[in-house]
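The file model37.pdb comes next; it holds PDB, C-alpha atoms.
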ATOM      1  CA  MET A   1       3.454  16.938 -20.897
ATOM      2  CA  ARG A   2       1.302  19.005 -18.535
ATOM      3  CA  ARG A   3      -0.685  15.901 -17.635
ATOM      4  CA  SER A   4       2.418  13.775 -17.159
ATOM      5  CA  TRP A   5       4.414  15.999 -14.829
ATOM      6  CA  TRP A   6       3.573  13.881 -11.799
ATOM      7  CA  LYS A   7       4.763  10.746 -13.605
ATOM      8  CA  VAL A   8       8.089  12.402 -14.330
ATOM      9  CA  LEU A   9       8.214  13.525 -10.702
ATOM     10  CA  SER A  10       7.536   9.949  -9.586
ATOM     11  CA  VAL A  11      10.468   8.592 -11.586
ATOM     12  CA  ILE A  12      12.779  11.325 -10.306
ATOM     13  CA  LEU A  13      11.786  10.856  -6.653
ATOM     14  CA  VAL A  14      11.999   7.055  -6.742
ATOM     15  CA  ALA A  15      15.392   7.194  -8.447
ATOM     16  CA  TYR A  16      16.539   9.755  -5.889
ATOM     17  CA  ALA A  17      15.246   7.580  -3.038
ATOM     18  CA  ILE A  18      17.073   4.512  -4.333
ATOM     19  CA  ILE A  19      20.357   6.268  -5.048
ATOM     20  CA  GLY A  20      20.248   8.482  -1.963
ATOM     21  CA  GLY A  21      19.065   5.620   0.196
ATOM     22  CA  LEU A  22      22.050   3.510  -0.780
ATOM     23  CA  LEU A  23      24.766   6.171  -0.895
ATOM     24  CA  LEU A  24      23.965   9.018   1.502
ATOM     25  CA  PRO A  25      25.257   8.720   5.090
ATOM     26  CA  VAL A  26      22.946   7.424   7.823
ATOM     27  CA  PRO A  27      23.195   7.440  11.640
ATOM     28  CA  ARG A  28      25.165   4.542  13.101
ATOM     29  CA  GLN A  29      22.638   3.037  15.468
ATOM     30  CA  HIS A  30      23.122   0.044  17.744
ATOM     31  CA  ILE A  31      21.904  -3.279  16.272
ATOM     32  CA  ILE A  32      20.200  -1.853  13.173
ATOM     33  CA  ASN A  33      23.384  -0.254  11.803
ATOM     34  CA  GLU A  34      23.210   0.054   7.994
ATOM     35  CA  THR A  35      19.837  -1.709   7.855
ATOM     36  CA  ILE A  36      18.256   1.632   8.780
ATOM     37  CA  ARG A  37      18.456   2.364   5.037
ATOM     38  CA  ASN A  38      15.473   0.065   4.630
ATOM     39  CA  LEU A  39      13.435   2.909   6.127
ATOM     40  CA  TYR A  40      13.433   4.453   2.647
ATOM     41  CA  PHE A  41      11.739   1.380   1.179
ATOM     42  CA  HIS A  42       9.799  -0.486   3.859
ATOM     43  CA  VAL A  43       7.916   2.437   5.427
ATOM     44  CA  PRO A  44       7.003   4.195   2.125
ATOM     45  CA  MET A  45       5.523   0.895   0.921
ATOM     46  CA  TRP A  46       3.158   0.898   3.917
ATOM     47  CA  PHE A  47       2.295   4.554   3.446
ATOM     48  CA  GLY A  48       1.628   3.892  -0.229
ATOM     49  CA  MET A  49      -0.544   0.886   0.645
ATOM     50  CA  ILE A  50      -2.639   2.905   3.095
ATOM     51  CA  LEU A  51      -3.134   5.770   0.633
ATOM     52  CA  LEU A  52      -4.089   3.380  -2.172
ATOM     53  CA  PHE A  53      -6.553   1.531   0.062
ATOM     54  CA  THR A  54      -7.986   4.917   1.052
ATOM     55  CA  CYS A  55      -8.556   5.790  -2.608
ATOM     56  CA  ALA A  56     -10.133   2.356  -3.087
ATOM     57  CA  VAL A  57     -12.640   2.781  -0.271
ATOM     58  CA  VAL A  58     -13.556   6.277  -1.506
ATOM     59  CA  TYR A  59     -14.483   4.844  -4.909
ATOM     60  CA  ALA A  60     -16.300   1.939  -3.225
ATOM     61  CA  VAL A  61     -18.521   4.459  -1.456
ATOM     62  CA  LYS A  62     -18.948   6.382  -4.720
ATOM     63  CA  TYR A  63     -20.131   3.206  -6.457
ATOM     64  CA  LEU A  64     -22.679   2.416  -3.749
ATOM     65  CA  ARG A  65     -24.032   5.949  -4.078
ATOM     66  CA  SER A  66     -24.041   6.166  -7.877
ATOM     67  CA  GLY A  67     -24.194   2.605  -9.214
ATOM     68  CA  ASN A  68     -21.608   3.608 -11.829
ATOM     69  CA  LEU A  69     -19.536   0.514 -12.674
ATOM     70  CA  GLU A  70     -16.566   2.699 -13.562
ATOM     71  CA  HIS A  71     -16.295   3.620  -9.887
ATOM     72  CA  ASP A  72     -16.150  -0.088  -9.066
ATOM     73  CA  ILE A  73     -13.301  -0.534 -11.546
ATOM     74  CA  TYR A  74     -11.414   2.348  -9.919
ATOM     75  CA  SER A  75     -11.962   0.836  -6.470
ATOM     76  CA  ALA A  76     -10.860  -2.644  -7.548
ATOM     77  CA  GLU A  77      -7.681  -1.470  -9.260
ATOM     78  CA  PHE A  78      -6.640   0.763  -6.360
ATOM     79  CA  THR A  79      -7.145  -2.236  -4.082
ATOM     80  CA  LYS A  80      -5.068  -4.543  -6.273
ATOM     81  CA  VAL A  81      -2.102  -2.167  -6.409
ATOM     82  CA  GLY A  82      -2.493  -1.559  -2.681
ATOM     83  CA  ILE A  83      -2.216  -5.310  -2.136
ATOM     84  CA  LEU A  84       0.954  -5.343  -4.244
ATOM     85  CA  PHE A  85       2.413  -2.625  -2.021
ATOM     86  CA  SER A  86       1.419  -4.601   1.071
ATOM     87  CA  ILE A  87       3.345  -7.613  -0.238
ATOM     88  CA  LEU A  88       6.400  -5.465  -0.952
ATOM     89  CA  GLY A  89       6.089  -3.865   2.483
ATOM     90  CA  MET A  90       5.898  -7.264   4.161
ATOM     91  CA  LEU A  91       8.911  -8.622   2.257
ATOM     92  CA  THR A  92      11.089  -5.580   2.968
ATOM     93  CA  GLY A  93       9.987  -5.687   6.598
ATOM     94  CA  MET A  94      10.883  -9.368   6.942
ATOM     95  CA  GLU A  95      14.274  -8.714   5.380
ATOM     96  CA  TRP A  96      14.855  -5.883   7.856
ATOM     97  CA  ALA A  97      13.673  -8.012  10.787
ATOM     98  CA  ASN A  98      16.030 -10.806   9.786
ATOM     99  CA  TYR A  99      19.026  -8.542  10.397
ATOM    100  CA  SER A 100      17.633  -6.462  13.281
ATOM    101  CA  TRP A 101      15.700  -9.064  15.269
ATOM    102  CA  GLY A 102      17.565 -12.211  14.219
ATOM    103  CA  GLU A 103      14.709 -13.799  12.234
ATOM    104  CA  PRO A 104      12.346 -12.683   9.476
ATOM    105  CA  TRP A 105       9.204 -13.626  11.415
ATOM    106  CA  SER A 106       8.941 -13.314  15.199
ATOM    107  CA  ASN A 107       5.142 -13.165  15.694
ATOM    108  CA  ASP A 108       5.443  -9.482  16.523
ATOM    109  CA  PRO A 109       1.976  -7.907  17.036
ATOM    110  CA  LYS A 110       2.430  -5.588  14.071
ATOM    111  CA  GLN A 111       3.546  -8.473  11.890
ATOM    112  CA  LEU A 112       0.496 -10.496  12.903
ATOM    113  CA  GLY A 113      -1.878  -7.563  12.458
ATOM    114  CA  THR A 114      -0.473  -6.834   9.024
ATOM    115  CA  ALA A 115      -0.696 -10.490   7.999
ATOM    116  CA  ILE A 116      -4.376 -10.621   9.023
ATOM    117  CA  CYS A 117      -5.025  -7.387   7.141
ATOM    118  CA  MET A 118      -3.395  -8.817   4.024
ATOM    119  CA  LEU A 119      -5.464 -12.007   4.259
ATOM    120  CA  ILE A 120      -8.628  -9.911   4.468
ATOM    121  CA  TYR A 121      -7.704  -8.111   1.267
ATOM    122  CA  PHE A 122      -6.667 -11.371  -0.426
ATOM    123  CA  ALA A 123     -10.182 -12.598   0.328
ATOM    124  CA  TYR A 124     -11.453  -9.504  -1.510
ATOM    125  CA  LEU A 125      -9.739 -10.726  -4.684
ATOM    126  CA  ILE A 126     -11.249 -14.194  -4.239
ATOM    127  CA  LEU A 127     -14.695 -12.659  -3.718
ATOM    128  CA  ARG A 128     -14.465 -10.695  -6.957
ATOM    129  CA  SER A 129     -13.085 -13.584  -8.987
ATOM    130  CA  GLY A 130     -15.931 -15.862  -7.866
ATOM    131  CA  MET A 131     -18.730 -13.681  -9.273
ATOM    132  CA  LYS A 132     -19.709 -13.279 -12.912
ATOM    133  CA  ASP A 133     -22.567 -10.806 -12.566
ATOM    134  CA  GLU A 134     -20.991  -7.339 -12.766
ATOM    135  CA  GLU A 135     -23.495  -5.452 -10.639
ATOM    136  CA  LYS A 136     -23.667  -8.072  -7.897
ATOM    137  CA  ARG A 137     -19.874  -8.328  -7.839
ATOM    138  CA  ALA A 138     -19.476  -4.562  -7.680
ATOM    139  CA  ARG A 139     -22.046  -4.149  -4.918
ATOM    140  CA  LEU A 140     -20.747  -6.924  -2.656
ATOM    141  CA  SER A 141     -17.066  -6.136  -3.182
ATOM    142  CA  SER A 142     -17.679  -2.436  -2.471
ATOM    143  CA  VAL A 143     -19.339  -3.267   0.846
ATOM    144  CA  TYR A 144     -16.535  -5.723   1.628
ATOM    145  CA  ASN A 145     -13.922  -3.091   0.771
ATOM    146  CA  ILE A 146     -15.429  -0.677   3.278
ATOM    147  CA  PHE A 147     -15.383  -3.279   6.058
ATOM    148  CA  ALA A 148     -11.824  -4.342   5.128
ATOM    149  CA  TYR A 149     -10.642  -0.744   5.420
ATOM    150  CA  ALA A 150     -12.435  -0.335   8.747
ATOM    151  CA  LEU A 151     -10.670  -3.457  10.063
ATOM    152  CA  MET A 152      -7.285  -2.279   8.814
ATOM    153  CA  ILE A 153      -7.280   0.684  11.207
ATOM    154  CA  PRO A 154      -7.358  -1.313  14.483
ATOM    155  CA  LEU A 155      -5.199  -4.109  13.068
ATOM    156  CA  LEU A 156      -2.354  -1.785  12.090
ATOM    157  CA  TRP A 157      -2.580   1.152  14.494
ATOM    158  CA  ILE A 158      -4.620   0.347  17.590
ATOM    159  CA  LEU A 159      -4.218  -3.286  18.669
ATOM    160  CA  PRO A 160      -0.405  -3.476  18.174
ATOM    161  CA  ARG A 161       0.033  -0.399  20.399
ATOM    162  CA  MET A 162      -1.821  -2.078  23.258
ATOM    163  CA  VAL A 163       0.897  -4.729  23.717
ATOM    164  CA  ASP A 164       4.689  -4.851  23.647
ATOM    165  CA  SER A 165       6.221  -4.801  20.194
ATOM    166  CA  LEU A 166       9.694  -4.881  18.717
ATOM    167  CA  HIS A 167       8.762  -2.139  16.273
ATOM    168  CA  PRO A 168      10.042   1.385  16.980
ATOM    169  CA  GLY A 169       7.587   3.462  18.930
ATOM    170  CA  ASN A 170       5.970   0.467  20.649
ATOM    171  CA  GLY A 171       6.470  -1.390  23.904
ATOM    172  CA  GLY A 172       8.988   1.106  25.240
ATOM    173  CA  ASN A 173      11.077   1.049  22.056
ATOM    174  CA  PRO A 174      11.886   4.582  20.909
ATOM    175  CA  GLY A 175      10.455   5.850  17.644
ATOM    176  CA  PHE A 176      12.596   6.889  14.731
ATOM    177  CA  ASN A 177      12.665  10.503  15.861
ATOM    178  CA  SER A 178      14.488   9.287  18.954
ATOM    179  CA  TYR A 179      16.656   7.059  16.765
ATOM    180  CA  ASP A 180      18.110  10.271  15.304
ATOM    181  CA  LEU A 181      16.220  10.475  12.027
ATOM    182  CA  ASP A 182      18.561  13.323  11.120
ATOM    183  CA  SER A 183      18.287  15.861   8.320
ATOM    184  CA  ASN A 184      20.124  13.597   5.871
ATOM    185  CA  MET A 185      17.523  10.869   6.333
ATOM    186  CA  ARG A 186      14.586  13.262   6.133
ATOM    187  CA  MET A 187      15.957  14.564   2.825
ATOM    188  CA  VAL A 188      15.489  11.067   1.398
ATOM    189  CA  PHE A 189      12.605   9.664   3.437
ATOM    190  CA  TYR A 190       9.902  12.224   2.613
ATOM    191  CA  PRO A 191      10.640  12.284  -1.139
ATOM    192  CA  ALA A 192      10.638   8.464  -1.043
ATOM    193  CA  VAL A 193       7.130   8.400   0.443
ATOM    194  CA  ILE A 194       5.841  10.764  -2.251
ATOM    195  CA  GLY A 195       7.700   9.010  -5.053
ATOM    196  CA  TRP A 196       6.572   5.478  -4.191
ATOM    197  CA  PHE A 197       2.956   6.584  -3.795
ATOM    198  CA  LEU A 198       3.013   8.395  -7.145
ATOM    199  CA  LEU A 199       4.470   5.265  -8.712
ATOM    200  CA  GLY A 200       1.604   3.219  -7.246
ATOM    201  CA  LEU A 201      -0.869   5.806  -8.525
ATOM    202  CA  TRP A 202       0.684   5.592 -11.989
ATOM    203  CA  MET A 203       0.421   1.798 -11.982
ATOM    204  CA  THR A 204      -3.209   2.078 -10.925
ATOM    205  CA  THR A 205      -4.129   4.545 -13.669
ATOM    206  CA  LEU A 206      -2.622   2.246 -16.309
ATOM    207  CA  SER A 207      -4.594  -0.705 -14.972
ATOM    208  CA  ILE A 208      -7.790   1.357 -14.792
ATOM    209  CA  ARG A 209      -7.431   2.502 -18.393
ATOM    210  CA  LEU A 210      -6.977  -1.092 -19.540
ATOM    211  CA  HIS A 211     -10.039  -2.311 -17.641
ATOM    212  CA  LEU A 212     -12.169   0.598 -18.842
ATOM    213  CA  VAL A 213     -11.275  -0.262 -22.442
ATOM    214  CA  ASN A 214     -12.188  -3.913 -21.842
ATOM    215  CA  HIS A 215     -15.414  -2.878 -20.100
ATOM    216  CA  LYS A 216     -16.439  -0.632 -22.993
ATOM    217  CA  ARG A 217     -15.545  -3.323 -25.534
ATOM    218  CA  ASP A 218     -17.636  -5.933 -23.706
ATOM    219  CA  ASN A 219     -20.596  -3.547 -23.477
ATOM    220  CA  ASP A 220     -20.360  -2.737 -27.182
ATOM    221  CA  PHE A 221     -20.180  -6.459 -27.972
ATOM    222  CA  HIS A 222     -23.306  -7.246 -25.939
ATOM    223  CA  THR A 223     -25.143  -4.277 -27.451
ATOM    224  CA  THR A 224     -24.263  -5.376 -30.994
ATOM    225  CA  ASN A 225     -25.414  -8.946 -30.389
ATOM    226  CA  LYS A 226     -28.797  -8.035 -28.887
TER
END
Would you put the structure from the file into structure tokens?
Amino acid sequence: MRRSWWKVLSVILVAYAIIGGLLLPVPRQHIINETIRNLYFHVPMWFGMILLFTCAVVYAVKYLRSGNLEHDIYSAEFTKVGILFSILGMLTGMEWANYSWGEPWSNDPKQLGTAICMLIYFAYLILRSGMKDEEKRARLSSVYNIFAYALMIPLLWILPRMVDSLHPGNGGNPGFNSYDLDSNMRMVFYPAVIGWFLLGLWMTTLSIRLHLVNHKRDNDFHTTNK
């Protein structure tokens, strides 16, 4: 139970975010109205994605320094769950945009930057799937992961801020602090960020354990048949 407390916390926080996000009062803002509730889902997905990709690049660097294939497995699984969160973040964002901007896709700079970032990480999956040699795959994908993370920073945070954007906080549009992100919303938003990230971390640990078991089984099989 001592090792599982954060899993229990994840379930509690996500359940609280869902229930509180749907039932607790929110500010009545022009245009976005009740769609502001999507803040509890869309934004935490992006935060979770960034944190998972950060964990992935840390283990990519660890692999390049140590050559330990377990570090490569950690890096790959963090990346995969991060990609899942990016897909969920994109879908919730498009749903929000459909009601706030009139269409799900408007070629907004942040939308375009995020789409390019996602394609870069999709290419990471293709790179790994196309290689059979474990060490070569681990080495190349670790280097690629580092470059993908380095590209994510300007694509998501720098380039979109240099041009007008429909997103809050860009192009003269006020950020959510100015949109009256009141105490009721903060009571749900911050727990939602923590809860969704912990859920992603839990998913990653399950996937890592499965791949480590398969990796050990394959190594034992090759050792037995030598």
Subject >> atom CA of Val8 of chain A to atom CA of Glu77 of chain A, straight-line distance in Å >> reply: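 Pair atom CA of Glu77 of chain A / atom CA of Val8 of chain A returns 21.6 Å.
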Original post:
What residues have an atom no more than 7 Å from (13.0, 3.8, 1.9) in the file's own frame, counting only C-alpha atoms, and can you write them as a PyMOL selection string?
Top reply: chain A and resi 17+21+37-44+189+192
Which polymer residues, whether protein, DNA or RNA, lie within 9 Å of the coordinate (8.3, 11.9, -3.1) when you count all atoms listed in the file? List them as an mmCIF file with C-alpha atoms, keeping the file's coordinate frame, using the chain letters and numbers from the file.
data_model
loop_
_atom_site.group_PDB
_atom_site.id
_atom_site.type_symbol
_atom_site.label_atom_id
_atom_site.label_comp_id
_atom_site.auth_asym_id
_atom_site.auth_seq_id
_atom_site.Cartn_x
_atom_site.Cartn_y
_atom_site.Cartn_z
ATOM 1 C CA LEU A 9 8.214 13.525 -10.702
ATOM 2 C CA SER A 10 7.536 9.949 -9.586
ATOM 3 C CA ILE A 12 12.779 11.325 -10.306
ATOM 4 C CA LEU A 13 11.786 10.856 -6.653
ATOM 5 C CA VAL A 14 11.999 7.055 -6.742
ATOM 6 C CA TYR A 16 16.539 9.755 -5.889
ATOM 7 C CA ALA A 17 15.246 7.580 -3.038
ATOM 8 C CA VAL A 188 15.489 11.067 1.398
ATOM 9 C CA PHE A 189 12.605 9.664 3.437
ATOM 10 C CA TYR A 190 9.902 12.224 2.613
ATOM 11 C CA PRO A 191 10.640 12.284 -1.139
ATOM 12 C CA ALA A 192 10.638 8.464 -1.043
ATOM 13 C CA VAL A 193 7.130 8.400 0.443
ATOM 14 C CA ILE A 194 5.841 10.764 -2.251
ATOM 15 C CA GLY A 195 7.700 9.010 -5.053
ATOM 16 C CA TRP A 196 6.572 5.478 -4.191
ATOM 17 C CA PHE A 197 2.956 6.584 -3.795
ATOM 18 C CA LEU A 198 3.013 8.395 -7.145
#
Subject >> One-decimal distance in Å that lies between atom CA of Leu119 of chain A and atom CA of Asn98 of chain A >> reply: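 If I compute the distance from atom CA of Asn98 of chain A to atom CA of Leu119 of chain A, I get 22.2 Å.
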**OP:** Grab the atom CA of Phe53 of chain A to atom CA of Arg137 of chain A distance for me, in Å with one decimal place.
**Re:**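 Here the two named atoms are 18.4 Å from each other.
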Original post:
For this file, the PyMOL selection byres ((chain A and resi 122-124) around 10) selects which residues, as a list in words?
Top reply: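 When the PyMOL selection byres ((chain A and resi 122-124) around 10) is applied to the shown file, the picked residues are Ala76, Thr79, Lys80, Ile83, Ile116, Cys117, Met118, Leu119, Ile120, Tyr121, Leu125, Ile126, Leu127, Arg128, Ser129, Leu140, Ser141, Ser142, Tyr144, Asn145 and Ala148 of chain A.
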For Glu135 of chain A, list every protein, DNA or RNA residue within 12 Å, evaluated using only C-alpha atoms, and leave out those in the same chain fewer than 2 positions away; present the list as a JSON list (two decimals) with C-alpha atoms, keeping the file's coordinate frame.
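What follows is the written file result_8.json:
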[["chain", "number", "residue", "atom", "x", "y", "z"],
["A", 63, "TYR", "CA", -20.13, 3.21, -6.46],
["A", 64, "LEU", "CA", -22.68, 2.42, -3.75],
["A", 66, "SER", "CA", -24.04, 6.17, -7.88],
["A", 67, "GLY", "CA", -24.19, 2.60, -9.21],
["A", 68, "ASN", "CA", -21.61, 3.61, -11.83],
["A", 69, "LEU", "CA", -19.54, 0.51, -12.67],
["A", 70, "GLU", "CA", -16.57, 2.70, -13.56],
["A", 71, "HIS", "CA", -16.30, 3.62, -9.89],
["A", 72, "ASP", "CA", -16.15, -0.09, -9.07],
["A", 73, "ILE", "CA", -13.30, -0.53, -11.55],
["A", 128, "ARG", "CA", -14.46, -10.70, -6.96],
["A", 131, "MET", "CA", -18.73, -13.68, -9.27],
["A", 132, "LYS", "CA", -19.71, -13.28, -12.91],
["A", 133, "ASP", "CA", -22.57, -10.81, -12.57],
["A", 137, "ARG", "CA", -19.87, -8.33, -7.84],
["A", 138, "ALA", "CA", -19.48, -4.56, -7.68],
["A", 139, "ARG", "CA", -22.05, -4.15, -4.92],
["A", 140, "LEU", "CA", -20.75, -6.92, -2.66],
["A", 141, "SER", "CA", -17.07, -6.14, -3.18],
["A", 142, "SER", "CA", -17.68, -2.44, -2.47]]
Original post:
With all atoms listed in the file as the basis for distance, which of A:Ser86, A:Thr54, A:Thr114, A:Asn107 is at the shortest distance from Tyr149 of chain A?
Top reply: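 Checking each of A:Ser86, A:Thr54, A:Thr114, A:Asn107 against Tyr149 of chain A, counting all atoms listed in the file, the winner is A:Thr54.
For the file shown, the residue list from the PyMOL selection byres ((chain A and resi 22-30) around 10) reads Tyr16, Ala17, Ile18, Ile19, Gly20, Gly21, Ile31, Ile32, Asn33, Glu34, Thr35, Ile36, Arg37, Asn38, Tyr40, Ser100, Tyr179, Asp180, Leu181, Asp182, Ser183, Asn184, Met185, Met187 and Val188 of chain A.
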Size and centre in Å, one decimal, axis-aligned box, all listed segment 115-124 of chain A atoms plus 5 Å per side, as lines of an AutoDock Vina configuration file:
center_x = -6.1
center_y = -10.0
center_z = 3.8
size_x = 20.8
size_y = 15.2
size_z = 20.5
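By all atoms listed in the file, and with residues fewer than 5 positions from Phe78 of chain A along its chain excluded, the set lying at most 7 Å from it is Leu52, Phe53, Cys55, Ala56 and Thr204 of chain A.
In terms of minimum interatomic distance to Gly200 of chain A, A:Leu84 ranks closest within A:Val61, A:Leu84, A:Ile146, A:Ile158, counting only C-alpha atoms.
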Original post:
Which one is closest to Leu166 of chain A: A:Trp202, A:Trp105, A:Phe147, A:Tyr59? Count all atoms listed in the file.
Top reply: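 Ranked by minimum distance to Leu166 of chain A, first place goes to A:Trp105.
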